[in-house]
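Okay, structure first, notes after.
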Amino acid sequence: MDGVEGPINDSLLVTFVERKKRFQVALKAKSKRAVDILKVVMQFKDRFGPYVKSITYDNGWEFVNGLVTKYIRQYLGDLYIANSYAPYERGTNERTNRNLRAKWYFPKGTRFSDVSQQRVDQVVKEINSKPLTHANKQQKSPQYLFKRATKHLRQRGQRPSQLVAS
């Protein structure tokens, strides 16, 4: 879990990435306040909760607070906090955030308050549908790999209906 920020005091994207399949989800938060981050984590739990075993994030003040930490531990599994100044401990998330920051999507300086969640979903869906040539010999997309890996959970009815809405 990480944040992709716009200009100072603007909204941000909270990103979640499945480590093995590289499947990404990005949800808009109004601000870095704990309440706004908690709302995003709750949305994420509603859509993807059955698939989550743990969450790792950096120790930015927007994540390391009582509200968010308690909620994650209670509803989403184990919680890991990366060391300060160690982005390599969350390399997959850093790489996928770099994809979001591409000049044709959301380059630095993008005001996320001017971007709709629908547009964010479009971009993430496009990124998730591109084959992973660098990480997967089969050259399958993260969306395909995630759907295949979670198929048995969906068949048992443990999954809300909007699986790959992002």
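Chain labels run A, B, ... following the order of the structure tokens; each chain numbers its residues from 1, and ligands are numbered from 1 in the order shown.
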
Can you pull out every residue within 12 Å of stretch 37-42 of chain A, counting only C-alpha atoms, but drop anything in the same chain fewer than 4 positions away, and send it as a tab-separated table (two decimals) with C-alpha atoms, in the first residue's frame?
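Heads up, here's the output in selection-v4.tsv:
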chain	number	residue	atom	x	y	z
A	1	MET	CA	0.00	0.00	0.00
A	2	ASP	CA	1.36	3.40	-0.91
A	3	GLY	CA	0.25	6.90	-1.82
A	11	SER	CA	-6.07	14.59	-2.99
A	12	LEU	CA	-3.98	11.48	-3.59
A	13	LEU	CA	-4.20	7.97	-4.95
A	14	VAL	CA	-3.81	5.13	-2.49
A	15	THR	CA	-2.40	2.16	-4.36
A	16	PHE	CA	-2.51	-1.52	-3.49
A	25	VAL	CA	-5.76	-1.18	-7.44
A	26	ALA	CA	-5.77	2.62	-7.03
A	27	LEU	CA	-8.42	4.52	-5.10
A	28	LYS	CA	-8.72	8.27	-4.62
A	29	ALA	CA	-8.52	9.75	-1.14
A	30	LYS	CA	-9.61	13.32	-0.45
A	31	SER	CA	-6.52	13.99	1.65
A	32	LYS	CA	-3.78	12.38	3.73
A	33	ARG	CA	-5.93	12.65	6.87
A	46	ASP	CA	-15.19	-4.37	0.46
A	47	ARG	CA	-13.88	-5.18	-3.02
A	48	PHE	CA	-10.83	-7.32	-2.32
A	49	GLY	CA	-10.90	-8.31	1.35
A	52	VAL	CA	-5.78	-10.13	1.33
A	55	ILE	CA	-0.45	-5.35	3.83
A	60	GLY	CA	4.37	7.79	6.35
A	61	TRP	CA	2.11	9.53	8.84
A	62	GLU	CA	-0.92	9.05	6.57
A	63	PHE	CA	-0.75	5.28	7.12
A	64	VAL	CA	0.87	4.85	10.52
A	65	ASN	CA	-1.94	6.03	12.74
A	66	GLY	CA	-4.31	4.31	15.12
A	67	LEU	CA	-7.36	4.31	12.85
A	68	VAL	CA	-5.78	2.79	9.75
A	69	THR	CA	-3.48	0.39	11.59
A	70	LYS	CA	-6.23	-0.99	13.82
A	71	TYR	CA	-8.62	-1.46	10.89
A	72	ILE	CA	-6.06	-3.28	8.75
A	73	ARG	CA	-5.09	-5.62	11.59
A	74	GLN	CA	-8.70	-6.36	12.40
A	75	TYR	CA	-10.10	-6.86	8.89
A	76	LEU	CA	-7.27	-7.40	6.40
A	117	GLN	CA	-12.20	7.73	-9.89

Could you go through stretch 51-85 of chain A and tell me which residues DSSP, when run on the backbone, assigns to strand (DSSP E), listing them as a tab-separated table (two decimals) with N, CA, C and O atoms, in the first residue's frame?
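Result went into result05.tsv, see below:
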chain	number	residue	atom	x	y	z
A	54	SER	N	-2.03	-9.93	3.93
A	54	SER	CA	-1.23	-8.95	4.66
A	54	SER	C	-1.10	-7.69	3.82
A	54	SER	O	-1.33	-7.70	2.62
A	55	ILE	N	-0.71	-6.63	4.50
A	55	ILE	CA	-0.45	-5.35	3.83
A	55	ILE	C	0.87	-4.80	4.36
A	55	ILE	O	1.13	-4.87	5.56
A	56	THR	N	1.66	-4.30	3.43
A	56	THR	CA	2.93	-3.65	3.79
A	56	THR	C	2.86	-2.21	3.31
A	56	THR	O	2.45	-1.96	2.18
A	57	TYR	N	3.26	-1.29	4.17
A	57	TYR	CA	3.34	0.10	3.73
A	57	TYR	C	4.52	0.77	4.39
A	57	TYR	O	5.14	0.22	5.31
A	78	ASP	N	-2.34	-9.51	8.44
A	78	ASP	CA	-1.09	-9.02	9.03
A	78	ASP	C	-0.71	-7.66	8.45
A	78	ASP	O	-1.04	-7.34	7.31
A	79	LEU	N	0.04	-6.92	9.24
A	79	LEU	CA	0.48	-5.59	8.84
A	79	LEU	C	1.99	-5.51	8.98
A	79	LEU	O	2.54	-5.88	10.02
A	80	TYR	N	2.65	-5.08	7.92
A	80	TYR	CA	4.09	-4.90	7.94
A	80	TYR	C	4.39	-3.46	7.57
A	80	TYR	O	3.78	-2.90	6.67
A	81	ILE	N	5.36	-2.87	8.26
A	81	ILE	CA	5.75	-1.50	7.98
A	81	ILE	C	7.21	-1.51	7.55
A	81	ILE	O	8.07	-2.00	8.28

#### Entry: DSSP alpha helix (DSSP H) residues within stretch 33-129 of chain A, as a PyMOL selection string
chain A and resi 34-48+66-75+91-100+117-129

Would you mind exporting N, CA and C atoms of the selected residues as a short mmCIF file (atom, residue, chain, number, x, y, z; two decimals), in the first residue's frame?
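Below is the file that was written, out25.cif:
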data_model
loop_
_atom_site.label_atom_id
_atom_site.label_comp_id
_atom_site.auth_asym_id
_atom_site.auth_seq_id
_atom_site.Cartn_x
_atom_site.Cartn_y
_atom_site.Cartn_z
N ALA A 34 -6.18 10.77 8.35
CA ALA A 34 -6.44 9.37 8.72
C ALA A 34 -7.84 8.93 8.32
N VAL A 35 -8.83 9.80 8.51
CA VAL A 35 -10.21 9.44 8.19
C VAL A 35 -10.38 9.18 6.70
N ASP A 36 -9.76 9.99 5.87
CA ASP A 36 -9.87 9.81 4.42
C ASP A 36 -9.14 8.55 3.95
N ILE A 37 -7.98 8.28 4.53
CA ILE A 37 -7.25 7.05 4.20
C ILE A 37 -8.04 5.84 4.66
N LEU A 38 -8.64 5.92 5.82
CA LEU A 38 -9.45 4.82 6.33
C LEU A 38 -10.63 4.52 5.41
N LYS A 39 -11.27 5.55 4.88
CA LYS A 39 -12.38 5.33 3.94
C LYS A 39 -11.91 4.55 2.71
N VAL A 40 -10.74 4.86 2.22
CA VAL A 40 -10.20 4.16 1.06
C VAL A 40 -9.88 2.71 1.41
N VAL A 41 -9.29 2.49 2.56
CA VAL A 41 -8.97 1.12 2.98
C VAL A 41 -10.25 0.31 3.16
N MET A 42 -11.31 0.94 3.63
CA MET A 42 -12.60 0.25 3.78
C MET A 42 -13.18 -0.11 2.40
N GLN A 43 -13.07 0.80 1.44
CA GLN A 43 -13.51 0.50 0.07
C GLN A 43 -12.73 -0.68 -0.50
N PHE A 44 -11.43 -0.65 -0.27
CA PHE A 44 -10.58 -1.74 -0.75
C PHE A 44 -10.99 -3.07 -0.11
N LYS A 45 -11.24 -3.05 1.18
CA LYS A 45 -11.65 -4.27 1.88
C LYS A 45 -12.96 -4.81 1.31
N ASP A 46 -13.91 -3.93 1.02
CA ASP A 46 -15.19 -4.37 0.46
C ASP A 46 -15.01 -5.07 -0.88
N ARG A 47 -14.08 -4.61 -1.68
CA ARG A 47 -13.88 -5.18 -3.02
C ARG A 47 -12.92 -6.36 -3.04
N PHE A 48 -11.88 -6.33 -2.21
CA PHE A 48 -10.83 -7.32 -2.32
C PHE A 48 -10.47 -8.01 -1.01
N GLY A 66 -3.47 5.28 14.43
CA GLY A 66 -4.31 4.31 15.12
C GLY A 66 -5.48 3.81 14.31
N LEU A 67 -6.18 4.71 13.61
CA LEU A 67 -7.36 4.31 12.85
C LEU A 67 -7.04 3.29 11.76
N VAL A 68 -6.12 3.63 10.90
CA VAL A 68 -5.78 2.79 9.75
C VAL A 68 -5.14 1.48 10.21
N THR A 69 -4.18 1.58 11.11
CA THR A 69 -3.48 0.39 11.59
C THR A 69 -4.43 -0.60 12.25
N LYS A 70 -5.28 -0.12 13.11
CA LYS A 70 -6.23 -0.99 13.82
C LYS A 70 -7.18 -1.67 12.83
N TYR A 71 -7.69 -0.91 11.87
CA TYR A 71 -8.62 -1.46 10.89
C TYR A 71 -7.97 -2.55 10.05
N ILE A 72 -6.76 -2.29 9.58
CA ILE A 72 -6.06 -3.28 8.75
C ILE A 72 -5.83 -4.56 9.54
N ARG A 73 -5.35 -4.42 10.77
CA ARG A 73 -5.09 -5.62 11.59
C ARG A 73 -6.37 -6.40 11.88
N GLN A 74 -7.45 -5.69 12.05
CA GLN A 74 -8.70 -6.36 12.40
C GLN A 74 -9.37 -7.02 11.19
N TYR A 75 -9.32 -6.38 10.03
CA TYR A 75 -10.10 -6.86 8.89
C TYR A 75 -9.30 -7.37 7.69
N GLY A 91 9.36 -2.90 -3.49
CA GLY A 91 9.74 -2.66 -4.87
C GLY A 91 8.61 -2.80 -5.88
N THR A 92 7.75 -3.80 -5.70
CA THR A 92 6.65 -4.01 -6.63
C THR A 92 5.72 -2.80 -6.63
N ASN A 93 5.43 -2.29 -5.44
CA ASN A 93 4.54 -1.13 -5.35
C ASN A 93 5.18 0.11 -5.95
N GLU A 94 6.47 0.30 -5.71
CA GLU A 94 7.16 1.45 -6.28
C GLU A 94 7.15 1.40 -7.81
N ARG A 95 7.34 0.21 -8.35
CA ARG A 95 7.36 0.07 -9.83
C ARG A 95 5.98 0.36 -10.42
N THR A 96 4.95 -0.19 -9.81
CA THR A 96 3.60 0.05 -10.36
C THR A 96 3.19 1.51 -10.20
N ASN A 97 3.63 2.15 -9.13
CA ASN A 97 3.35 3.58 -8.99
C ASN A 97 4.07 4.37 -10.08
N ARG A 98 5.25 3.94 -10.46
CA ARG A 98 5.98 4.60 -11.54
C ARG A 98 5.20 4.47 -12.85
N ASN A 99 4.53 3.33 -13.05
CA ASN A 99 3.69 3.17 -14.24
C ASN A 99 2.54 4.18 -14.24
N LEU A 100 1.94 4.42 -13.07
CA LEU A 100 0.87 5.42 -12.98
C LEU A 100 1.38 6.82 -13.30
N GLN A 117 -12.53 9.12 -10.21
CA GLN A 117 -12.20 7.73 -9.89
C GLN A 117 -12.39 6.85 -11.12
N GLN A 118 -13.36 7.20 -11.95
CA GLN A 118 -13.59 6.45 -13.19
C GLN A 118 -12.35 6.50 -14.09
N ARG A 119 -11.73 7.65 -14.21
CA ARG A 119 -10.50 7.77 -15.02
C ARG A 119 -9.36 6.97 -14.39
N VAL A 120 -9.25 7.01 -13.07
CA VAL A 120 -8.23 6.22 -12.38
C VAL A 120 -8.45 4.74 -12.66
N ASP A 121 -9.70 4.29 -12.59
CA ASP A 121 -10.03 2.89 -12.87
C ASP A 121 -9.65 2.51 -14.30
N GLN A 122 -9.91 3.41 -15.24
CA GLN A 122 -9.55 3.17 -16.65
C GLN A 122 -8.04 2.95 -16.80
N VAL A 123 -7.26 3.82 -16.20
CA VAL A 123 -5.81 3.75 -16.30
C VAL A 123 -5.30 2.47 -15.65
N VAL A 124 -5.79 2.15 -14.47
CA VAL A 124 -5.34 0.95 -13.76
C VAL A 124 -5.73 -0.30 -14.54
N LYS A 125 -6.92 -0.29 -15.12
CA LYS A 125 -7.34 -1.44 -15.93
C LYS A 125 -6.41 -1.62 -17.13
N GLU A 126 -6.04 -0.52 -17.76
CA GLU A 126 -5.11 -0.58 -18.90
C GLU A 126 -3.75 -1.12 -18.46
N ILE A 127 -3.24 -0.65 -17.34
CA ILE A 127 -1.95 -1.12 -16.82
C ILE A 127 -2.04 -2.61 -16.48
N ASN A 128 -3.14 -3.01 -15.83
CA ASN A 128 -3.31 -4.41 -15.42
C ASN A 128 -3.50 -5.35 -16.61
N SER A 129 -3.92 -4.82 -17.74
CA SER A 129 -4.16 -5.68 -18.90
C SER A 129 -2.93 -5.84 -19.80
#

### Task
Work out how far apart atom CA of A:Ser116 and atom CA of A:Arg101 are and give it in Å to one decimal.
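One can read the atom CA of A:Ser116 to atom CA of A:Arg101 distance as 15.9 Å.
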
### Separation of atom CA of A:Ser84 from atom CA of A:Ser113 in Å
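That distance, rounded to one decimal, is 28.1 Å.
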
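The interatomic distance for the pair atom CA of A:Lys53 and atom CA of A:Tyr144 works out to 20.0 Å.
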